[in-house]
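Participant: Sending over input-v3.csv (CSV, C-alpha atoms).
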```csv
chain,number,residue,atom,x,y,z
A,91,MET,CA,64.1,118.4,25.0
A,92,THR,CA,64.7,114.7,25.3
A,93,THR,CA,68.3,114.7,26.7
A,94,THR,CA,69.2,115.4,30.2
A,95,THR,CA,70.1,119.0,30.7
A,96,HIS,CA,73.3,120.2,32.4
A,97,MET,CA,71.0,121.9,34.9
A,98,ALA,CA,69.3,118.6,35.9
A,99,THR,CA,72.7,116.9,36.3
A,100,GLU,CA,74.1,119.8,38.4
A,101,VAL,CA,71.0,119.9,40.6
A,102,ALA,CA,71.4,116.1,41.2
A,103,GLU,CA,75.0,116.8,42.2
A,104,ILE,CA,74.1,119.2,45.0
A,105,PRO,CA,74.3,116.7,47.9
A,106,GLU,CA,77.7,115.5,46.8
A,107,ALA,CA,78.9,119.0,46.1
A,108,ALA,CA,77.9,120.2,49.6
A,109,ALA,CA,79.6,117.2,51.2
A,110,ARG,CA,82.8,117.9,49.2
A,111,PHE,CA,82.9,121.5,50.4
A,112,LEU,CA,82.4,120.6,54.0
A,113,THR,CA,85.3,118.1,53.7
A,114,GLU,CA,87.7,120.2,51.6
A,115,ALA,CA,87.1,123.6,53.3
A,116,ARG,CA,88.0,122.6,56.8
A,117,ALA,CA,91.4,124.3,57.0
A,118,PRO,CA,90.5,127.6,55.3
A,119,LEU,CA,87.1,127.7,57.1
A,120,SER,CA,88.9,127.3,60.5
A,121,ALA,CA,91.4,130.0,59.6
A,122,ALA,CA,88.6,132.5,58.5
A,123,ALA,CA,86.5,131.7,61.5
A,124,ALA,CA,89.5,132.3,63.9
A,125,ALA,CA,90.1,135.6,62.2
A,126,MET,CA,86.4,136.5,62.7
A,127,ARG,CA,86.6,135.6,66.4
A,128,GLN,CA,89.8,137.7,66.8
A,129,LEU,CA,88.2,140.7,65.1
A,130,ASP,CA,84.8,140.4,66.8
A,131,PRO,CA,83.1,142.5,64.1
A,132,LYS,CA,80.3,144.9,65.0
A,133,VAL,CA,79.2,145.1,61.4
A,134,ILE,CA,79.6,143.0,58.3
A,135,VAL,CA,79.3,144.1,54.7
A,136,SER,CA,78.6,141.8,51.7
A,137,VAL,CA,79.7,142.2,48.1
A,138,ALA,CA,77.9,140.2,45.3
A,139,ARG,CA,75.6,140.3,42.3
A,140,GLY,CA,72.9,138.1,40.9
A,141,SER,CA,72.4,134.7,42.5
A,142,SER,CA,75.5,135.4,44.6
A,143,ASP,CA,73.7,138.4,46.1
A,144,HIS,CA,70.8,136.2,47.1
A,145,ALA,CA,73.3,134.0,48.8
A,146,SER,CA,74.6,137.1,50.6
A,147,THR,CA,71.1,138.0,51.6
A,148,TYR,CA,70.7,134.6,53.1
A,149,PHE,CA,74.0,135.1,55.0
A,150,LYS,CA,72.7,138.5,56.2
A,151,TYR,CA,69.6,137.0,57.8
A,152,ALA,CA,71.5,134.1,59.3
A,153,VAL,CA,74.1,136.4,60.9
A,154,GLU,CA,71.6,138.9,62.2
A,155,LEU,CA,69.5,136.1,63.7
A,156,VAL,CA,72.2,134.0,65.2
A,157,ALA,CA,75.0,136.5,65.9
A,158,GLY,CA,73.1,139.7,66.4
A,159,VAL,CA,75.5,141.5,64.1
A,160,PRO,CA,74.1,143.8,61.4
A,161,VAL,CA,75.0,143.0,57.8
A,162,ALA,CA,74.7,145.5,54.9
A,163,SER,CA,75.1,145.0,51.2
A,164,VAL,CA,77.6,147.3,49.5
A,165,GLY,CA,77.2,148.3,45.9
A,166,PRO,CA,80.4,147.2,44.0
A,167,SER,CA,80.3,150.4,41.9
A,168,ILE,CA,81.2,152.4,45.0
A,169,ALA,CA,84.7,151.3,44.4
A,170,SER,CA,84.8,150.3,40.7
A,171,ILE,CA,83.0,153.3,39.2
A,172,TYR,CA,83.0,156.0,41.8
A,173,GLY,CA,86.5,155.2,43.3
A,174,ARG,CA,85.4,155.6,46.9
A,175,THR,CA,87.1,153.7,49.7
A,176,LEU,CA,84.8,153.0,52.5
A,177,LYS,CA,85.8,153.4,56.2
A,178,LEU,CA,85.6,149.7,57.3
A,179,ALA,CA,88.1,149.4,60.1
A,180,GLY,CA,86.7,146.8,62.5
A,181,ALA,CA,84.3,145.4,60.0
A,182,ALA,CA,84.3,142.1,58.0
A,183,CYS,CA,83.6,142.1,54.3
A,184,VAL,CA,82.3,138.9,52.7
A,185,GLY,CA,82.4,138.7,48.9
A,186,VAL,CA,80.5,136.0,47.0
A,187,SER,CA,81.1,135.3,43.4
A,188,GLN,CA,81.0,132.0,41.5
A,189,SER,CA,83.8,132.9,39.1
A,190,GLY,CA,85.6,135.5,41.2
A,191,LYS,CA,86.4,137.4,38.0
A,192,SER,CA,83.9,140.3,37.7
A,193,PRO,CA,86.0,143.4,37.8
A,194,ASP,CA,83.6,145.4,40.0
A,195,ILE,CA,83.4,142.6,42.7
A,196,VAL,CA,87.2,142.3,42.7
A,197,GLU,CA,87.8,146.0,43.0
A,198,MET,CA,85.3,146.3,45.8
A,199,MET,CA,87.0,143.5,47.8
A,200,ARG,CA,90.4,145.1,47.2
A,201,SER,CA,89.0,148.5,48.3
A,202,ALA,CA,87.3,147.0,51.4
A,203,GLY,CA,90.6,145.6,52.5
A,204,ALA,CA,92.3,148.9,51.9
A,205,GLY,CA,89.6,150.5,54.0
A,206,GLY,CA,90.4,148.3,57.0
A,207,ALA,CA,88.0,145.4,56.6
A,208,LEU,CA,88.8,141.7,57.2
A,209,THR,CA,88.0,140.3,53.7
A,210,ILE,CA,86.7,136.8,53.1
A,211,ALA,CA,86.0,135.5,49.6
A,212,LEU,CA,83.5,132.8,48.8
A,213,THR,CA,84.2,131.6,45.3
A,214,ASN,CA,84.1,128.4,43.2
A,215,ASN,CA,87.5,129.5,41.7
A,216,ALA,CA,90.2,129.3,44.3
A,217,ALA,CA,92.7,130.9,41.8
A,218,SER,CA,90.4,133.8,41.0
A,219,PRO,CA,91.3,137.5,41.2
A,220,MET,CA,88.8,138.0,44.0
A,221,ALA,CA,90.4,135.3,46.1
A,222,ALA,CA,93.8,136.8,45.4
A,223,VAL,CA,92.8,140.2,46.8
A,224,SER,CA,91.1,138.8,49.9
A,225,ALA,CA,92.6,138.0,53.2
A,226,HIS,CA,90.8,134.6,53.3
A,227,ALA,CA,89.2,132.5,50.6
A,228,LEU,CA,86.7,129.7,51.0
A,229,PRO,CA,86.8,127.6,47.8
A,230,LEU,CA,83.2,126.3,47.2
A,231,SER,CA,84.4,123.0,45.7
A,232,ALA,CA,81.1,122.7,43.7
A,233,GLY,CA,82.9,121.4,40.6
A,234,PRO,CA,82.4,122.7,37.1
A,235,GLU,CA,78.9,124.2,36.4
A,236,GLN,CA,78.0,124.4,32.8
A,237,SER,CA,74.4,125.5,32.9
A,238,VAL,CA,74.0,129.3,32.9
A,239,ALA,CA,71.5,129.0,35.7
A,240,ALA,CA,73.5,128.7,38.9
A,241,THR,CA,72.4,125.9,41.2
A,242,LYS,CA,75.0,123.9,43.0
A,243,THR,CA,77.3,127.0,43.2
A,244,PHE,CA,74.5,129.0,44.8
A,245,VAL,CA,73.8,126.3,47.3
A,246,ASN,CA,77.5,125.9,48.2
A,247,SER,CA,77.8,129.6,48.6
A,248,VAL,CA,75.0,129.6,51.2
A,249,VAL,CA,76.5,126.5,52.9
A,250,ALA,CA,79.9,128.2,53.0
A,251,GLY,CA,78.3,131.3,54.7
A,252,LEU,CA,76.5,129.1,57.2
A,253,ALA,CA,79.6,127.1,57.9
A,254,LEU,CA,81.6,130.2,58.5
A,255,LEU,CA,78.9,131.5,60.9
A,256,SER,CA,78.7,128.3,62.9
A,257,GLU,CA,82.5,128.0,63.2
A,258,TRP,CA,83.0,131.7,64.0
A,259,LEU,CA,80.4,131.5,66.9
A,260,GLU,CA,81.3,127.9,67.7
A,261,ASP,CA,77.5,127.2,67.6
A,262,GLU,CA,77.1,123.5,68.1
A,263,ALA,CA,73.5,123.3,67.0
A,264,LEU,CA,74.2,125.2,63.7
A,265,ARG,CA,77.3,123.1,63.2
A,266,ALA,CA,75.3,119.9,63.4
A,267,ALA,CA,72.6,121.4,61.1
A,268,VAL,CA,75.3,122.3,58.5
A,269,ALA,CA,76.9,118.9,58.7
A,270,GLY,CA,73.6,117.3,58.0
A,271,LEU,CA,72.8,119.3,54.9
A,272,PRO,CA,74.1,116.8,52.3
A,273,GLU,CA,71.6,114.3,53.6
A,274,ALA,CA,68.8,116.9,53.8
A,275,PHE,CA,69.5,117.9,50.2
A,276,ALA,CA,69.2,114.3,49.1
A,277,ARG,CA,65.8,114.2,50.7
A,278,ALA,CA,64.8,117.5,49.2
A,279,LEU,CA,65.4,116.1,45.7
A,280,GLU,CA,62.8,113.4,46.4
A,281,GLN,CA,60.0,116.1,46.9
A,282,ASP,CA,57.5,116.4,44.0
A,283,TRP,CA,56.2,119.8,43.2
A,284,THR,CA,54.3,118.8,40.1
A,285,PRO,CA,51.0,120.5,41.2
A,286,LEU,CA,52.9,123.9,41.0
A,287,SER,CA,54.3,122.9,37.6
A,288,ASP,CA,50.9,122.1,36.3
A,289,ARG,CA,49.6,125.5,37.4
A,290,LEU,CA,52.5,127.5,36.0
A,291,VAL,CA,53.0,125.7,32.6
A,292,ARG,CA,51.0,128.4,30.9
A,293,ALA,CA,51.2,131.2,33.4
A,294,GLN,CA,52.6,134.7,32.7
A,295,SER,CA,53.5,136.0,36.2
A,296,LEU,CA,53.5,135.1,39.9
A,297,TYR,CA,54.6,136.3,43.3
A,298,VAL,CA,57.1,134.4,45.5
A,299,LEU,CA,57.0,135.2,49.2
A,300,GLY,CA,59.2,134.5,52.2
A,301,ARG,CA,60.3,135.8,55.6
A,302,GLY,CA,63.8,136.0,57.0
A,303,PRO,CA,66.2,133.5,55.2
A,304,GLY,CA,63.1,132.4,53.3
A,305,PHE,CA,63.0,135.9,51.7
A,306,ALA,CA,66.5,135.3,50.4
A,307,MET,CA,65.3,132.1,48.8
A,308,SER,CA,62.2,133.8,47.4
A,309,ASN,CA,64.6,136.3,45.7
A,310,GLU,CA,66.6,133.4,44.2
A,311,MET,CA,63.4,131.6,43.1
A,312,ALA,CA,62.0,134.7,41.4
A,313,LEU,CA,65.2,135.1,39.4
A,314,LYS,CA,65.2,131.5,38.3
A,315,PHE,CA,61.5,131.7,37.1
A,316,LYS,CA,62.6,134.6,34.9
A,317,GLU,CA,65.9,133.1,33.9
A,318,THR,CA,64.9,129.6,33.0
A,319,SER,CA,61.2,129.7,32.3
A,320,GLY,CA,60.2,133.1,30.8
A,321,LEU,CA,58.0,133.8,33.8
A,322,HIS,CA,57.7,137.3,35.2
A,323,ALA,CA,58.1,136.5,38.9
A,324,GLU,CA,58.4,139.1,41.7
A,325,SER,CA,59.8,138.3,45.2
A,326,TYR,CA,58.3,140.0,48.3
A,327,SER,CA,58.5,139.6,52.0
A,328,ALA,CA,55.3,137.9,53.1
A,329,ALA,CA,54.7,141.1,55.2
A,330,GLU,CA,55.7,143.7,52.5
A,331,VAL,CA,53.4,142.1,49.9
A,332,LEU,CA,50.4,143.4,51.9
A,333,HIS,CA,51.6,147.0,51.7
A,334,GLY,CA,50.6,147.4,48.0
A,335,PRO,CA,51.5,144.5,45.8
A,336,ALA,CA,48.5,142.5,47.1
A,337,ALA,CA,46.3,144.9,45.2
A,338,ILE,CA,46.7,142.9,42.0
A,339,VAL,CA,46.4,139.5,43.6
A,340,GLY,CA,43.1,137.8,42.7
A,341,GLY,CA,41.3,136.0,40.0
A,342,ARG,CA,43.6,132.9,40.3
A,343,PHE,CA,46.8,134.9,40.4
A,344,PRO,CA,49.5,132.4,41.3
A,345,VAL,CA,51.5,132.8,44.5
A,346,LEU,CA,54.3,130.6,46.0
A,347,ALA,CA,54.7,131.2,49.7
A,348,LEU,CA,57.7,129.7,51.6
A,349,GLY,CA,56.9,128.6,55.1
A,350,VAL,CA,59.4,126.9,57.4
A,351,GLU,CA,59.2,125.9,61.1
A,352,ASP,CA,60.4,129.2,62.6
A,353,ALA,CA,59.0,132.3,64.4
A,354,ALA,CA,57.7,133.8,61.1
A,355,LEU,CA,55.5,130.8,60.3
A,356,PRO,CA,52.3,132.2,61.9
A,357,HIS,CA,52.8,135.4,59.9
A,358,VAL,CA,53.3,133.6,56.6
A,359,ARG,CA,50.1,131.7,57.4
A,360,ALA,CA,48.2,134.9,57.9
A,361,THR,CA,49.4,136.2,54.5
A,362,VAL,CA,48.5,132.9,52.8
A,363,GLU,CA,45.0,133.1,54.3
A,364,ARG,CA,44.6,136.7,53.2
A,365,LEU,CA,45.6,135.9,49.6
A,366,VAL,CA,43.4,132.8,49.5
A,367,GLY,CA,40.6,135.1,50.5
A,368,GLN,CA,41.4,137.2,47.5
A,369,GLU,CA,40.9,134.1,45.3
A,370,ALA,CA,44.6,133.7,44.4
A,371,ASP,CA,46.0,130.3,43.5
A,372,VAL,CA,48.3,129.9,46.5
A,373,PHE,CA,50.9,127.2,46.8
A,374,CYS,CA,52.8,127.0,50.1
A,375,THR,CA,55.4,124.9,52.0
A,376,GLY,CA,55.3,124.1,55.7
A,377,LEU,CA,51.6,125.0,56.1
A,378,ALA,CA,48.2,123.5,55.6
A,379,VAL,CA,45.6,126.2,54.8
A,380,ASP,CA,42.2,125.7,53.4
A,381,GLY,CA,42.1,126.8,49.8
A,382,ALA,CA,45.8,126.6,49.3
A,383,THR,CA,47.9,123.8,47.9
A,384,THR,CA,50.6,122.5,50.3
A,385,LEU,CA,53.8,121.4,48.5
A,386,PRO,CA,55.9,118.6,50.2
A,387,SER,CA,59.1,119.6,52.0
A,388,VAL,CA,61.7,118.2,54.3
A,389,SER,CA,60.6,118.7,58.0
A,390,GLY,CA,62.4,118.7,61.3
A,391,LEU,CA,65.3,121.0,60.2
A,392,HIS,CA,67.1,123.8,62.0
A,393,PRO,CA,65.2,126.9,61.0
A,394,ILE,CA,68.3,128.6,59.7
A,395,VAL,CA,69.0,125.9,57.1
A,396,ALA,CA,65.4,125.0,56.3
A,397,PRO,CA,64.9,127.6,53.5
A,398,LEU,CA,68.0,126.4,51.7
A,399,VAL,CA,66.7,122.9,51.7
A,400,LEU,CA,63.5,124.2,50.1
A,401,GLY,CA,65.6,125.8,47.4
A,402,VAL,CA,67.0,122.4,46.4
A,403,SER,CA,63.5,121.0,45.9
A,404,PHE,CA,62.7,124.2,43.9
A,405,TYR,CA,65.7,123.7,41.6
A,406,LYS,CA,64.5,120.2,40.6
A,407,PHE,CA,61.1,121.6,40.0
A,408,ILE,CA,62.2,124.7,38.0
A,409,GLU,CA,64.4,122.6,35.6
A,410,GLN,CA,61.4,120.5,34.8
A,411,LEU,CA,59.0,123.5,34.4
A,412,SER,CA,61.5,125.2,32.1
A,413,ARG,CA,61.4,122.2,29.7
A,414,ARG,CA,57.6,121.9,30.0
A,415,ARG,CA,57.4,125.6,28.9
A,416,GLY,CA,59.6,124.9,25.9
A,417,PHE,CA,62.8,126.5,27.1
A,418,ASN,CA,66.4,125.1,27.4
A,419,PRO,CA,67.4,125.9,31.0
A,420,ASP,CA,71.0,125.5,30.2
A,421,VAL,CA,71.0,128.4,27.7
A,422,PRO,CA,68.6,131.2,28.8
A,423,PRO,CA,68.0,133.9,26.2
A,424,HIS,CA,70.4,136.8,26.2
A,425,LEU,CA,72.5,135.5,29.1
A,426,LYS,CA,75.9,133.9,29.5
A,427,LYS,CA,77.6,131.9,32.3
A,428,VAL,CA,80.0,134.5,33.5
A,429,THR,CA,78.8,138.1,33.5
A,430,GLU,CA,81.6,140.6,34.1
A,431,THR,CA,80.5,144.1,35.1
A,432,VAL,CA,82.4,147.2,36.0
```
As a first step, turn the structure in this file into structure tokens.

Facilitator:
Amino acid sequence: MTTTTHMATEVAEIPEAAARFLTEARAPLSAAAAAMRQLDPKVIVSVARGSSDHASTYFKYAVELVAGVPVASVGPSIASIYGRTLKLAGAACVGVSQSGKSPDIVEMMRSAGAGGALTIALTNNAASPMAAVSAHALPLSAGPEQSVAATKTFVNSVVAGLALLSEWLEDEALRAAVAGLPEAFARALEQDWTPLSDRLVRAQSLYVLGRGPGFAMSNEMALKFKETSGLHAESYSAAEVLHGPAAIVGGRFPVLALGVEDAALPHVRATVERLVGQEADVFCTGLAVDGATTLPSVSGLHPIVAPLVLGVSFYKFIEQLSRRRGFNPDVPPHLKKVTETV
């Protein structure tokens, strides 16, 4: 392709889109955070599919690490197919959907409210059915997204979750980190991951590894490898990969390991060293390990936001890799922008 893709344009818009959300969402964010403080939930459930579910996984790790409140993912089919109303009195339910239209997501959010939960919708469509059935809605303000592969809407979904967390807990360090994300995203777009692109241009499969919020990002990255570039990518915890999947790693098998400056970094390092010893082609961030290739990343970030910033560098990389492999990242085979499931 010689023309600029929608995906490339939308990735470039991520810093602006994040800044717009942080400006425009102040009032609904304040109201939702106040409701969370009043409720003081002992458990939170999330409702989402696809990239939005990866955003929910990121929110799960952030909440559990910062607030100490457990977060569980609820299958939307519990309400939409099986007709079961869960007992959620005293819980919060956070739904994430770019369109806010999928019938199963909408029904699960309605059912959660009926079951007693405080419901909060994160959606790019403020007039969506999901927003209508929820007690609070945080419009993502990402702007129109034409590429089938979600990028700026995914990022703003995570930003919204982190902003909600920081305001709910009135955590000043996290508030500052979230406020600084537009600038961090701009720096992330300057990072060059060409060495990884050179390795994967003719590859057939790879592993993507992370820990904590980085595992949420590895899930999203593995999806994008499949969706945009025809690559069979599997996401694993950098710990879980050693419990069986590492058996097929060797003979230049490609691995992308996500390291950030947090408590898990020594453990990610140990996994990288182990896989390098098995003669894998390991690419990593946040680490310098003999035999592995270190990809550039933005340093000095709050550990809760750092994996998301890595994701922005990845989005720029994956759009370029998709085109190098002969794909159009705007129109992946057999997919459409809005998938409505029951």

Participant: Which is closest to A:Ala360 among A:Ala347, A:Glu317, A:His322, A:Ala239, if we use only C-alpha atoms?

Facilitator: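 Using only C-alpha atoms, A:Ala360 sits closest to A:Ala347.
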
Participant: Between A:Gln188, A:Ser163, A:Gln368, A:Asn214, which has the minimum distance to A:Ile338 (counting all atoms listed in the file)?

Facilitator: A:Gln368

Participant: Excluding same-chain residues fewer than 3 positions from A:Val101, what lies within 7 Å of it counting all atoms listed in the file, as number ranges by chain?

Facilitator: A: 97-98, 104, 241-242, 405-406

Participant: The selected residues should be written to file as a CSV table (one decimal), in the frame of the given file (atoms: C-alpha atoms).

Facilitator:
```csv
chain,number,residue,atom,x,y,z
A,97,MET,CA,71.0,121.9,34.9
A,98,ALA,CA,69.3,118.6,35.9
A,104,ILE,CA,74.1,119.2,45.0
A,241,THR,CA,72.4,125.9,41.2
A,242,LYS,CA,75.0,123.9,43.0
A,405,TYR,CA,65.7,123.7,41.6
A,406,LYS,CA,64.5,120.2,40.6
```

Participant: List as a tab-separated table every residue of stretch 334-424 of chain A that is in contact with stretch 297-308 of chain A, defined as an atom at most 10 Å from one of its atoms (using only C-alpha atoms), together with the nearest atom pair and the distance in Å rounded to one decimal, sorted by chain and then rising number.

Facilitator:
```
residue	atom	partner	partner_atom	distance
A:Pro335	CA	A:Tyr297	CA	9.1
A:Ala336	CA	A:Tyr297	CA	9.5
A:Val339	CA	A:Tyr297	CA	8.8
A:Phe343	CA	A:Tyr297	CA	8.4
A:Pro344	CA	A:Tyr297	CA	6.7
A:Val345	CA	A:Tyr297	CA	4.8
A:Leu346	CA	A:Val298	CA	4.7
A:Ala347	CA	A:Leu299	CA	4.6
A:Leu348	CA	A:Gly300	CA	5.1
A:Gly349	CA	A:Gly300	CA	7.0
A:Val350	CA	A:Gly304	CA	7.8
A:Asp352	CA	A:Gly302	CA	9.4
A:Ala353	CA	A:Arg301	CA	9.6
A:Ala354	CA	A:Arg301	CA	6.4
A:Leu355	CA	A:Arg301	CA	8.4
A:His357	CA	A:Arg301	CA	8.7
A:Val358	CA	A:Arg301	CA	7.4
A:Thr361	CA	A:Leu299	CA	9.3
A:Val362	CA	A:Leu299	CA	9.5
A:Val372	CA	A:Tyr297	CA	9.5
A:Phe373	CA	A:Val298	CA	9.6
A:Cys374	CA	A:Leu299	CA	9.3
A:Pro393	CA	A:Pro303	CA	8.8
A:Ile394	CA	A:Pro303	CA	7.0
A:Val395	CA	A:Pro303	CA	8.3
A:Ala396	CA	A:Gly304	CA	8.3
A:Pro397	CA	A:Gly304	CA	5.1
A:Leu398	CA	A:Met307	CA	6.9
A:Val399	CA	A:Met307	CA	9.7
A:Leu400	CA	A:Met307	CA	8.2
A:Gly401	CA	A:Met307	CA	6.5
A:Phe404	CA	A:Met307	CA	9.7
```

Participant: Rounded to one decimal, what separation in Å do you get between atom CA of A:His144 and atom CA of A:Glu310?

Facilitator: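 Those two atoms sit 5.8 Å apart.
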
Participant: Quick one: distance from atom CA of A:Ala211 to atom CA of A:Ala145 in Å, one decimal?

Facilitator: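 Computed distance, atom CA of A:Ala211 to atom CA of A:Ala145, equals 12.8 Å.
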